[in-house]
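Chemist: mmCIF, C-alpha atoms and all ligand atoms, saved as start07.cif, coming up:
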```cif
data_entry
#
loop_
_atom_site.label_atom_id
_atom_site.label_comp_id
_atom_site.auth_asym_id
_atom_site.auth_seq_id
_atom_site.Cartn_x
_atom_site.Cartn_y
_atom_site.Cartn_z
CA MET A 1 0.00 0.00 0.00
CA ARG A 2 2.93 2.36 0.67
CA GLY A 3 3.81 4.65 -2.19
CA LYS A 4 0.40 4.12 -3.53
CA LYS A 5 -2.42 6.51 -3.38
CA LYS A 6 -3.56 7.34 0.10
CA GLU A 7 -6.61 5.36 0.97
CA ARG A 8 -9.24 6.35 3.44
CA LEU A 9 -11.34 4.34 5.84
CA TYR A 10 -15.03 4.86 6.07
CA ILE A 11 -17.44 3.81 8.76
CA ASP A 12 -20.79 2.55 7.67
CA ALA A 13 -23.10 3.63 10.42
CA SER A 14 -25.82 1.05 9.70
CA SER A 15 -23.60 -2.06 9.75
CA LEU A 16 -20.90 -0.64 12.08
CA THR A 17 -18.17 -1.86 9.74
CA VAL A 18 -15.13 -0.10 8.42
CA THR A 19 -14.97 -0.14 4.68
CA GLN A 20 -12.52 1.01 2.09
CA HIS A 21 -14.27 3.05 -0.45
CA LYS A 22 -12.89 5.16 -3.18
CA PRO A 23 -14.83 8.41 -3.16
CA THR A 24 -16.46 9.40 -6.39
CA TRP A 25 -15.84 12.76 -8.13
CA GLY A 26 -19.15 14.00 -6.95
CA GLU A 27 -18.29 13.21 -3.34
CA ARG A 28 -14.92 14.93 -3.65
CA LEU A 29 -16.49 18.03 -5.07
CA LEU A 30 -18.99 18.08 -2.25
CA LYS A 31 -16.18 17.78 0.32
CA LEU A 32 -14.16 20.55 -1.34
CA SER A 33 -17.04 22.90 -1.35
CA GLY A 34 -17.52 22.10 2.35
CA TYR A 35 -13.92 23.17 3.08
CA LEU A 36 -14.30 26.27 0.98
CA LEU A 37 -17.47 27.22 2.76
CA THR A 38 -15.83 26.80 6.17
CA ALA A 39 -12.82 28.86 5.05
CA ALA A 40 -15.08 31.59 3.72
CA LEU A 41 -17.00 31.62 6.98
CA PHE A 42 -13.83 32.05 9.02
CA PHE A 43 -12.51 34.69 6.67
CA GLY A 44 -15.76 36.57 6.91
CA LEU A 45 -15.72 36.32 10.68
CA ALA A 46 -12.16 37.62 10.79
CA LEU A 47 -13.11 40.50 8.53
CA LEU A 48 -16.05 41.33 10.73
CA VAL A 49 -13.89 41.28 13.85
CA SER A 50 -11.29 43.55 12.24
CA TYR A 51 -14.02 45.83 10.97
CA TYR A 52 -15.49 46.29 14.41
CA PHE A 53 -12.43 46.12 16.64
CA LEU A 54 -9.47 47.13 14.53
CA GLU A 55 -8.84 50.57 13.10
CA GLY A 56 -6.79 51.46 10.07
CA PRO A 57 -5.38 54.91 9.16
CA LYS A 58 -8.47 55.65 7.13
CA GLU A 59 -10.74 54.92 10.07
CA ARG A 60 -8.58 57.05 12.34
CA ARG A 61 -8.91 59.96 9.89
CA ILE A 62 -12.68 59.52 9.73
CA ARG A 63 -12.86 59.39 13.52
CA ARG A 64 -10.81 62.61 13.78
CA ASP A 65 -13.03 64.30 11.19
CA LEU A 66 -16.12 63.29 13.11
CA TYR A 67 -14.66 64.65 16.32
CA GLU A 68 -13.83 67.95 14.62
CA SER A 69 -17.33 68.09 13.14
CA ALA A 70 -18.80 67.65 16.60
CA VAL A 71 -16.63 70.49 17.93
CA GLN A 72 -17.71 72.68 15.00
CA TYR A 73 -21.33 71.87 15.64
CA ARG A 74 -21.05 72.74 19.32
CA TYR A 75 -19.52 76.08 18.36
CA LEU A 76 -22.32 76.67 15.86
CA ASP A 77 -24.83 75.77 18.53
CA ARG A 78 -23.41 78.39 20.91
CA ARG A 79 -23.42 81.02 18.16
CA LEU A 80 -27.06 80.28 17.47
CA ASP A 81 -27.84 80.70 21.18
CA GLN A 82 -26.17 84.11 21.16
CA LEU A 83 -28.00 85.19 18.01
CA THR A 84 -31.30 84.04 19.46
CA GLU A 85 -30.68 86.23 22.51
CA VAL A 86 -29.89 89.25 20.30
CA LEU A 87 -33.05 88.65 18.32
CA GLU A 88 -35.15 88.37 21.48
CA ASP A 89 -33.78 91.77 22.51
CA LEU A 90 -34.80 93.25 19.17
CA GLN A 91 -38.25 91.71 19.45
CA GLN A 92 -38.73 93.34 22.84
CA ARG A 93 -37.75 96.75 21.50
CA ASP A 94 -39.96 96.19 18.50
CA ARG A 95 -42.95 95.38 20.72
CA ASN A 96 -42.34 98.58 22.71
CA LEU A 97 -42.18 100.59 19.50
CA TYR A 98 -45.57 99.24 18.48
CA ARG A 99 -47.21 99.80 21.84
CA ILE A 100 -45.74 103.19 22.71
CA ILE A 101 -45.15 105.01 19.48
CA PHE A 102 -47.80 103.61 17.20
CA ASP A 103 -50.32 102.71 19.87
CA ALA A 104 -50.85 99.38 18.10
CA GLU A 105 -50.59 95.72 18.98
CA PRO A 106 -47.45 94.03 17.64
CA PRO A 107 -48.09 91.39 14.98
CA HIS A 108 -48.33 87.79 16.13
CA GLN A 109 -45.17 85.75 16.00
CA THR A 110 -45.19 82.89 13.54
CA LYS A 111 -45.94 79.47 14.96
CA GLU A 112 -43.29 77.13 16.32
CA LEU A 113 -41.73 74.79 13.84
CA TYR A 114 -42.77 71.17 13.89
CA ARG A 115 -40.17 69.71 11.62
CA ASP A 116 -38.94 66.21 12.22
CA TYR A 117 -35.27 65.99 13.15
CA SER A 118 -35.41 62.43 14.53
CA HIS A 119 -33.49 61.00 11.59
CA TYR A 120 -30.40 62.77 12.91
CA THR A 121 -30.54 61.46 16.43
CA ASP A 122 -29.16 57.93 16.08
CA ASN A 123 -25.73 58.93 17.44
CA ALA A 124 -24.00 61.62 19.51
CA LEU A 125 -23.11 63.81 16.54
CA GLY A 126 -26.63 63.35 15.23
CA GLN A 127 -27.97 64.70 18.52
CA ILE A 128 -25.95 67.90 18.15
CA ILE A 129 -26.89 68.23 14.49
CA SER A 130 -30.54 67.79 15.39
CA GLU A 131 -30.39 70.47 18.10
CA THR A 132 -28.46 72.89 15.93
CA SER A 133 -30.77 72.38 12.98
CA TYR A 134 -33.76 73.02 15.18
CA LYS A 135 -32.24 76.22 16.55
CA ALA A 136 -31.26 77.42 13.07
CA ASP A 137 -34.78 76.84 11.78
CA ALA A 138 -36.33 78.54 14.80
CA LEU A 139 -33.98 81.49 14.33
CA ALA A 140 -34.78 81.73 10.62
CA SER A 141 -38.48 81.75 11.41
CA ALA A 142 -38.06 84.41 14.11
CA ILE A 143 -35.97 86.55 11.76
CA TYR A 144 -38.66 86.26 9.12
CA ALA A 145 -41.34 87.32 11.64
CA GLN A 146 -39.13 90.23 12.69
CA SER A 147 -38.62 91.39 9.14
CA VAL A 148 -42.38 91.31 8.54
CA SER A 149 -42.84 93.34 11.70
CA LEU A 150 -40.23 95.90 10.60
CA ASP A 151 -41.91 96.21 7.21
CA SER A 152 -45.14 97.01 8.98
CA ILE A 153 -43.40 99.60 11.21
CA TYR A 154 -41.85 101.17 8.14
CA THR A 155 -45.27 101.41 6.46
CA MET A 156 -46.80 102.86 9.62
CA ALA A 157 -44.00 105.40 9.99
CA LYS A 158 -44.33 106.35 6.34
CA THR A 159 -48.11 106.79 6.59
CA LYS A 160 -47.70 108.86 9.74
CA GLU A 161 -45.07 110.97 8.04
CA GLU A 162 -47.33 111.51 5.06
CA ARG A 163 -50.23 112.26 7.38
CA LEU A 164 -48.13 114.81 9.29
CA GLN A 165 -47.04 116.40 6.03
CA HIS A 166 -50.66 116.76 4.93
CA MET A 167 -52.08 117.96 8.24
CA PRO A 168 -52.62 121.75 8.43
CA ALA A 169 -49.85 122.61 10.86
CA ILE A 170 -48.61 126.17 10.22
CA LEU A 171 -50.03 129.68 10.33
CA PRO A 172 -51.34 130.54 6.84
CA ILE A 173 -49.67 133.93 7.10
CA ASN A 174 -46.10 134.69 8.17
CA LYS A 175 -46.30 135.41 11.90
CA ASN A 176 -44.47 138.73 11.46
CA GLU A 177 -46.97 139.93 8.87
CA GLY A 178 -50.26 138.94 10.44
CA ARG A 179 -52.02 138.78 13.78
CA VAL A 180 -54.87 136.60 14.97
CA VAL A 181 -57.60 139.01 16.00
CA SER A 182 -60.72 136.86 16.21
CA GLY A 183 -61.16 133.24 17.13
CA PHE A 184 -63.38 130.26 16.55
CA GLY A 185 -66.87 130.07 18.07
CA PRO A 186 -69.68 132.60 18.56
CA ARG A 187 -68.55 136.09 17.54
CA TYR A 188 -70.34 139.34 16.74
CA HIS A 189 -70.74 139.62 13.01
CA PRO A 190 -69.39 142.99 11.78
CA ILE A 191 -72.19 143.43 9.26
CA PHE A 192 -75.19 141.65 10.82
CA LYS A 193 -74.18 142.88 14.29
CA ASN A 194 -75.41 139.76 16.05
CA LEU A 195 -73.69 136.81 17.72
CA ARG A 196 -73.06 134.21 15.05
CA PRO A 197 -70.92 131.13 14.94
CA HIS A 198 -67.51 132.06 13.61
CA THR A 199 -66.38 128.99 11.69
CA GLY A 200 -62.72 129.96 11.53
CA ILE A 201 -60.22 132.53 12.73
CA ASP A 202 -59.41 135.98 11.39
CA ILE A 203 -55.83 137.06 10.84
CA THR A 204 -55.30 140.73 10.04
CA ALA A 205 -52.56 141.63 7.61
CA ALA A 206 -51.82 144.31 5.04
CA ARG A 207 -53.33 143.92 1.61
CA GLY A 208 -51.06 141.86 -0.63
CA VAL A 209 -49.44 139.83 2.18
CA PRO A 210 -48.92 136.21 0.98
CA ILE A 211 -51.28 133.45 2.12
CA TYR A 212 -49.76 129.96 2.31
CA ALA A 213 -51.17 126.43 2.19
CA THR A 214 -50.84 125.02 5.71
CA GLY A 215 -50.25 121.41 4.61
CA ASP A 216 -49.76 119.33 1.47
CA GLY A 217 -52.89 118.72 -0.60
CA VAL A 218 -54.92 119.47 -3.70
CA VAL A 219 -56.89 122.64 -4.43
CA GLU A 220 -60.49 121.48 -4.29
CA LYS A 221 -62.16 124.79 -5.06
CA ALA A 222 -60.81 128.17 -6.06
CA GLY A 223 -62.60 131.26 -7.34
CA ALA A 224 -64.52 134.44 -6.60
CA ASN A 225 -68.01 134.44 -5.08
CA MET A 226 -68.40 130.68 -5.51
CA LYS A 227 -71.72 128.97 -4.92
CA GLY A 228 -71.99 127.83 -1.32
CA PHE A 229 -69.31 130.30 -0.19
CA THR A 230 -71.44 133.43 0.15
CA GLY A 231 -69.57 136.35 1.69
CA TYR A 232 -66.16 134.70 1.30
CA GLY A 233 -65.28 136.68 -1.83
CA VAL A 234 -62.15 135.32 -3.48
CA CYS A 235 -61.68 132.01 -1.73
CA CYS A 236 -60.00 128.65 -2.02
CA VAL A 237 -60.35 125.24 -0.36
CA VAL A 238 -57.47 122.78 -0.08
CA ASP A 239 -58.17 119.07 0.41
CA HIS A 240 -55.31 117.56 2.44
CA GLY A 241 -56.63 114.02 2.50
CA PHE A 242 -56.91 111.99 5.75
CA GLY A 243 -60.16 113.92 6.35
CA TYR A 244 -58.54 117.38 6.51
CA LYS A 245 -59.56 120.45 4.51
CA THR A 246 -58.65 124.12 4.89
CA LEU A 247 -60.42 127.23 3.61
CA TYR A 248 -58.89 130.65 2.88
CA ALA A 249 -61.29 133.58 2.32
CA HIS A 250 -61.43 137.33 1.48
CA MET A 251 -58.34 137.10 -0.74
CA ASP A 252 -57.19 139.86 -3.02
CA LYS A 253 -55.39 137.77 -5.63
CA LEU A 254 -55.78 134.04 -6.18
CA MET A 255 -52.62 132.23 -7.33
CA VAL A 256 -53.87 128.62 -7.64
CA ARG A 257 -56.48 126.81 -9.72
CA GLN A 258 -58.81 123.96 -8.91
CA GLY A 259 -57.01 120.59 -9.10
CA MET A 260 -53.55 122.01 -8.45
CA LYS A 261 -51.31 120.12 -6.07
CA VAL A 262 -49.90 122.24 -3.30
CA LYS A 263 -47.21 121.74 -0.69
CA ARG A 264 -47.16 123.15 2.80
CA GLY A 265 -45.95 126.71 2.24
CA THR A 266 -47.15 127.03 -1.38
CA GLN A 267 -48.52 130.54 -1.87
CA LEU A 268 -52.26 130.39 -2.56
CA GLY A 269 -52.87 134.10 -2.98
CA THR A 270 -52.73 137.43 -1.14
CA VAL A 271 -54.64 139.08 1.67
CA GLY A 272 -57.54 141.30 0.58
CA THR A 273 -61.04 142.47 1.48
CA SER A 274 -63.18 140.55 -1.00
CA GLY A 275 -66.61 139.34 0.19
CA TYR A 276 -68.02 140.48 3.52
CA ALA A 277 -64.94 141.97 5.16
CA THR A 278 -64.47 145.08 7.21
CA GLY A 279 -60.76 145.32 6.54
CA PRO A 280 -57.92 143.39 4.90
CA HIS A 281 -57.70 140.02 6.64
CA LEU A 282 -57.64 136.28 6.08
CA HIS A 283 -60.55 134.19 7.29
CA TYR A 284 -59.04 130.73 7.79
CA GLU A 285 -60.93 127.50 8.49
CA VAL A 286 -59.89 123.94 9.26
CA HIS A 287 -62.35 121.11 8.56
CA VAL A 288 -61.90 117.61 9.96
CA ASN A 289 -64.16 114.98 8.41
CA GLY A 290 -66.55 117.66 7.19
CA LYS A 291 -66.75 119.50 10.51
CA GLN A 292 -65.28 122.93 11.23
CA VAL A 293 -62.81 122.84 14.10
CA ASN A 294 -60.75 125.46 15.91
CA PRO A 295 -57.72 126.12 13.62
CA VAL A 296 -55.74 127.24 16.65
CA TYR A 297 -55.34 123.61 17.65
CA TYR A 298 -53.50 122.95 14.42
CA PHE A 299 -50.68 125.44 14.72
CA PHE A 300 -47.77 123.15 15.48
CA ILE A 301 -44.87 124.31 13.40
CA GLY A 302 -42.85 127.53 13.36
CA ILE A 303 -44.40 129.01 16.46
CA SER A 304 -43.00 129.44 19.96
CA PRO A 305 -45.00 128.44 23.07
CA GLU A 306 -45.30 132.13 24.02
CA GLU A 307 -46.60 133.06 20.59
CA TYR A 308 -49.02 130.18 20.72
CA LEU A 309 -50.37 131.26 24.12
CA GLU A 310 -50.86 134.80 22.82
CA ILE A 311 -52.84 133.52 19.81
CA LEU A 312 -54.88 131.28 22.10
CA GLU A 313 -55.71 134.19 24.44
CA LYS A 314 -56.73 136.44 21.56
CA SER A 315 -58.79 133.73 19.87
CA ARG A 316 -60.79 133.17 23.09
CA GLU A 317 -62.10 136.75 23.28
CA ILE A 318 -65.74 136.94 22.34
CA ASN A 319 -65.20 139.97 20.15
CA GLN A 320 -66.36 141.07 16.76
CA SER A 321 -65.07 139.04 13.89
CA LEU A 322 -63.88 140.61 10.67
CA SER A 323 -66.19 138.06 9.01
ZN ZN A 401 -63.71 135.21 9.85
#
```
Could you show the structure in this file as structure tokens?
Ligand SMILES: [Zn+2]
Modeler:
Amino acid sequence: MRGKKKERLYIDASSLTVTQHKPTWGERLLKLSGYLLTAALFFGLALLVSYYFLEGPKERRIRRDLYESAVQYRYLDRRLDQLTEVLEDLQQRDRNLYRIIFDAEPPHQTKELYRDYSHYTDNALGQIISETSYKADALASAIYAQSVSLDSIYTMAKTKEERLQHMPAILPINKNEGRVVSGFGPRYHPIFKNLRPHTGIDITAARGVPIYATGDGVVEKAGANMKGFTGYGVCCVVDHGFGYKTLYAHMDKLMVRQGMKVKRGTQLGTVGTSGYATGPHLHYEVHVNGKQVNPVYYFFIGISPEEYLEILEKSREINQSLS
């Protein structure tokens, strides 16, 4: 048997005898594949072990990158916290601006975000990313709300500015050239000699002294002895918008036409005695939403407190108007 092909012994389990049996090709192939399978299994296991427990240079680099990313994220997270605080400060000031200056309620903040960040949270870095992402989104939403609020403040400020520019706010005659001599309310009419409601104030001035528009607006009516303006002679009405109108009567010369746009300070004409007037003067009226009001309450600009008090005193005297 020596030198010959190696022979194998086989045990037949049913008869409990040892037999010599030359394995067939099929059996050999089966055995080989069994070895290969076992080898592959071990190799795979070894690979798995090295994958989980051993670390190559590439893994070390990845691990370092991850660590640096986490540090970066924590830094970002702190920055977001700081920015959120700054924004909260701005929101508080904004709310005060609304309440105090504009006497309005601040707009409602946009709703909280309900985005799902759970897909980030399967590891430590994911947790930080999830928190940072949430803060960034919340901040973006708050900034958006703030910008909407600022837009609204800007619009309000602009409308107020326009409103102030249109409101009758100056004396219609230069304060050095005219003097308020008769005020608003019941006054003795110079021609009818009885107590009649005086719907404006009278400012005496020399003939030819310029009369100015007291706020921005459009000339609604202008002419001499117009229908519905009996006794006013040469007269003009300026529509200022926002419910304000002003009337200028007894003019000598008219310098504007109906439909003309005027600015505060645009010359409308000159002082005269047209209509029912006992002497050269301007009869000036302020109308708010169709109702005549005391023009004295609308002298805001270009007048000192002392001068204002003097006008107020004079306008309170129940004297004779110049009509
Ligand atoms: Zn008058």
Chemist: For Pro186 in chain A, work out the shell of residues within 8 Å, counting only C-alpha atoms and skipping chain neighbours fewer than 6 positions away, then give it as a PyMOL selection string.
Modeler: chain A and resi 195-198+318
Chemist: Restricting the calculation to only C-alpha atoms and all ligand atoms, which member of A:Asn225, A:Gln258, A:Ser33, A:Ser182 is positioned closest to ligand ZN 401 (chain A)?
Modeler: A:Ser182
Chemist: Could the residues of chain A that have an atom at most 12 Å from ligand ZN 401 (chain A) be listed as a Markdown table, each with its closest atom pair and the distance in Å to one decimal, counting all atoms listed in the file and ordered by chain and ascending residue number?
Modeler:
```
| residue | atom | partner | partner_atom | distance |
| --- | --- | --- | --- | --- |
| A:Val180 | CA | A:ZN401 | ZN | 10.3 |
| A:Val181 | CA | A:ZN401 | ZN | 9.5 |
| A:Ser182 | CA | A:ZN401 | ZN | 7.2 |
| A:Gly183 | CA | A:ZN401 | ZN | 8.0 |
| A:Phe184 | CA | A:ZN401 | ZN | 8.3 |
| A:Gly185 | CA | A:ZN401 | ZN | 10.2 |
| A:Pro186 | CA | A:ZN401 | ZN | 10.9 |
| A:Arg187 | CA | A:ZN401 | ZN | 9.1 |
| A:Tyr188 | CA | A:ZN401 | ZN | 10.4 |
| A:His189 | CA | A:ZN401 | ZN | 8.9 |
| A:Pro190 | CA | A:ZN401 | ZN | 9.8 |
| A:Ile191 | CA | A:ZN401 | ZN | 11.8 |
| A:Arg196 | CA | A:ZN401 | ZN | 10.7 |
| A:Pro197 | CA | A:ZN401 | ZN | 9.7 |
| A:His198 | CA | A:ZN401 | ZN | 6.2 |
| A:Thr199 | CA | A:ZN401 | ZN | 7.0 |
| A:Gly200 | CA | A:ZN401 | ZN | 5.6 |
| A:Ile201 | CA | A:ZN401 | ZN | 5.3 |
| A:Asp202 | CA | A:ZN401 | ZN | 4.6 |
| A:Ile203 | CA | A:ZN401 | ZN | 8.2 |
| A:Thr204 | CA | A:ZN401 | ZN | 10.1 |
| A:Gly231 | CA | A:ZN401 | ZN | 10.1 |
| A:Tyr232 | CA | A:ZN401 | ZN | 8.9 |
| A:Gly233 | CA | A:ZN401 | ZN | 11.9 |
| A:Leu247 | CA | A:ZN401 | ZN | 10.7 |
| A:Tyr248 | CA | A:ZN401 | ZN | 9.6 |
| A:Ala249 | CA | A:ZN401 | ZN | 8.1 |
| A:His250 | CA | A:ZN401 | ZN | 8.9 |
| A:Thr273 | CA | A:ZN401 | ZN | 11.4 |
| A:Gly275 | CA | A:ZN401 | ZN | 10.9 |
| A:Tyr276 | CA | A:ZN401 | ZN | 9.3 |
| A:Ala277 | CA | A:ZN401 | ZN | 8.3 |
| A:Thr278 | CA | A:ZN401 | ZN | 10.2 |
| A:Gly279 | CA | A:ZN401 | ZN | 11.0 |
| A:Pro280 | CA | A:ZN401 | ZN | 11.2 |
| A:His281 | CA | A:ZN401 | ZN | 8.3 |
| A:Leu282 | CA | A:ZN401 | ZN | 7.2 |
| A:His283 | CA | A:ZN401 | ZN | 4.2 |
| A:Tyr284 | CA | A:ZN401 | ZN | 6.8 |
| A:Glu285 | CA | A:ZN401 | ZN | 8.3 |
| A:Val286 | CA | A:ZN401 | ZN | 11.9 |
| A:Asn294 | CA | A:ZN401 | ZN | 11.9 |
| A:Pro295 | CA | A:ZN401 | ZN | 11.5 |
| A:Ser315 | CA | A:ZN401 | ZN | 11.3 |
| A:Asn319 | CA | A:ZN401 | ZN | 11.4 |
| A:Gln320 | CA | A:ZN401 | ZN | 9.4 |
| A:Ser321 | CA | A:ZN401 | ZN | 5.7 |
| A:Leu322 | CA | A:ZN401 | ZN | 5.5 |
| A:Ser323 | CA | A:ZN401 | ZN | 3.9 |
```
Chemist: Write out, as a PDB file, keeping the file's coordinate frame, the residues just selected, with C-alpha atoms.
Modeler:
```pdb
ATOM      1  CA  VAL A 180     -54.870 136.600  14.970  1.00  0.00           C
ATOM      2  CA  VAL A 181     -57.600 139.010  16.000  1.00  0.00           C
ATOM      3  CA  SER A 182     -60.720 136.860  16.210  1.00  0.00           C
ATOM      4  CA  GLY A 183     -61.160 133.240  17.130  1.00  0.00           C
ATOM      5  CA  PHE A 184     -63.380 130.260  16.550  1.00  0.00           C
ATOM      6  CA  GLY A 185     -66.870 130.070  18.070  1.00  0.00           C
ATOM      7  CA  PRO A 186     -69.680 132.600  18.560  1.00  0.00           C
ATOM      8  CA  ARG A 187     -68.550 136.090  17.540  1.00  0.00           C
ATOM      9  CA  TYR A 188     -70.340 139.340  16.740  1.00  0.00           C
ATOM     10  CA  HIS A 189     -70.740 139.620  13.010  1.00  0.00           C
ATOM     11  CA  PRO A 190     -69.390 142.990  11.780  1.00  0.00           C
ATOM     12  CA  ILE A 191     -72.190 143.430   9.260  1.00  0.00           C
ATOM     13  CA  ARG A 196     -73.060 134.210  15.050  1.00  0.00           C
ATOM     14  CA  PRO A 197     -70.920 131.130  14.940  1.00  0.00           C
ATOM     15  CA  HIS A 198     -67.510 132.060  13.610  1.00  0.00           C
ATOM     16  CA  THR A 199     -66.380 128.990  11.690  1.00  0.00           C
ATOM     17  CA  GLY A 200     -62.720 129.960  11.530  1.00  0.00           C
ATOM     18  CA  ILE A 201     -60.220 132.530  12.730  1.00  0.00           C
ATOM     19  CA  ASP A 202     -59.410 135.980  11.390  1.00  0.00           C
ATOM     20  CA  ILE A 203     -55.830 137.060  10.840  1.00  0.00           C
ATOM     21  CA  THR A 204     -55.300 140.730  10.040  1.00  0.00           C
ATOM     22  CA  GLY A 231     -69.570 136.350   1.690  1.00  0.00           C
ATOM     23  CA  TYR A 232     -66.160 134.700   1.300  1.00  0.00           C
ATOM     24  CA  GLY A 233     -65.280 136.680  -1.830  1.00  0.00           C
ATOM     25  CA  LEU A 247     -60.420 127.230   3.610  1.00  0.00           C
ATOM     26  CA  TYR A 248     -58.890 130.650   2.880  1.00  0.00           C
ATOM     27  CA  ALA A 249     -61.290 133.580   2.320  1.00  0.00           C
ATOM     28  CA  HIS A 250     -61.430 137.330   1.480  1.00  0.00           C
ATOM     29  CA  THR A 273     -61.040 142.470   1.480  1.00  0.00           C
ATOM     30  CA  GLY A 275     -66.610 139.340   0.190  1.00  0.00           C
ATOM     31  CA  TYR A 276     -68.020 140.480   3.520  1.00  0.00           C
ATOM     32  CA  ALA A 277     -64.940 141.970   5.160  1.00  0.00           C
ATOM     33  CA  THR A 278     -64.470 145.080   7.210  1.00  0.00           C
ATOM     34  CA  GLY A 279     -60.760 145.320   6.540  1.00  0.00           C
ATOM     35  CA  PRO A 280     -57.920 143.390   4.900  1.00  0.00           C
ATOM     36  CA  HIS A 281     -57.700 140.020   6.640  1.00  0.00           C
ATOM     37  CA  LEU A 282     -57.640 136.280   6.080  1.00  0.00           C
ATOM     38  CA  HIS A 283     -60.550 134.190   7.290  1.00  0.00           C
ATOM     39  CA  TYR A 284     -59.040 130.730   7.790  1.00  0.00           C
ATOM     40  CA  GLU A 285     -60.930 127.500   8.490  1.00  0.00           C
ATOM     41  CA  VAL A 286     -59.890 123.940   9.260  1.00  0.00           C
ATOM     42  CA  ASN A 294     -60.750 125.460  15.910  1.00  0.00           C
ATOM     43  CA  PRO A 295     -57.720 126.120  13.620  1.00  0.00           C
ATOM     44  CA  SER A 315     -58.790 133.730  19.870  1.00  0.00           C
ATOM     45  CA  ASN A 319     -65.200 139.970  20.150  1.00  0.00           C
ATOM     46  CA  GLN A 320     -66.360 141.070  16.760  1.00  0.00           C
ATOM     47  CA  SER A 321     -65.070 139.040  13.890  1.00  0.00           C
ATOM     48  CA  LEU A 322     -63.880 140.610  10.670  1.00  0.00           C
ATOM     49  CA  SER A 323     -66.190 138.060   9.010  1.00  0.00           C
TER      50      SER A 323
END
```
Chemist: Using CA of Val296 in chain A and CA of Glu313 in chain A as the two end points, give the distance in Å to one decimal.
Modeler: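 Separating CA of Val296 in chain A from CA of Glu313 in chain A is a distance of 10.4 Å.
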Chemist: Between CA of Asn176 in chain A and CA of Lys245 in chain A, what distance in Å does the model show, to one decimal?
Modeler: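 Between CA of Asn176 in chain A and CA of Lys245 in chain A the gap is 24.7 Å.
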Chemist: Have a look at A:Gly241, A:Arg207, A:Leu45, A:Glu55 and name the one nearest to Thr159 in chain A; count all atoms listed in the file.
Modeler: A:Gly241
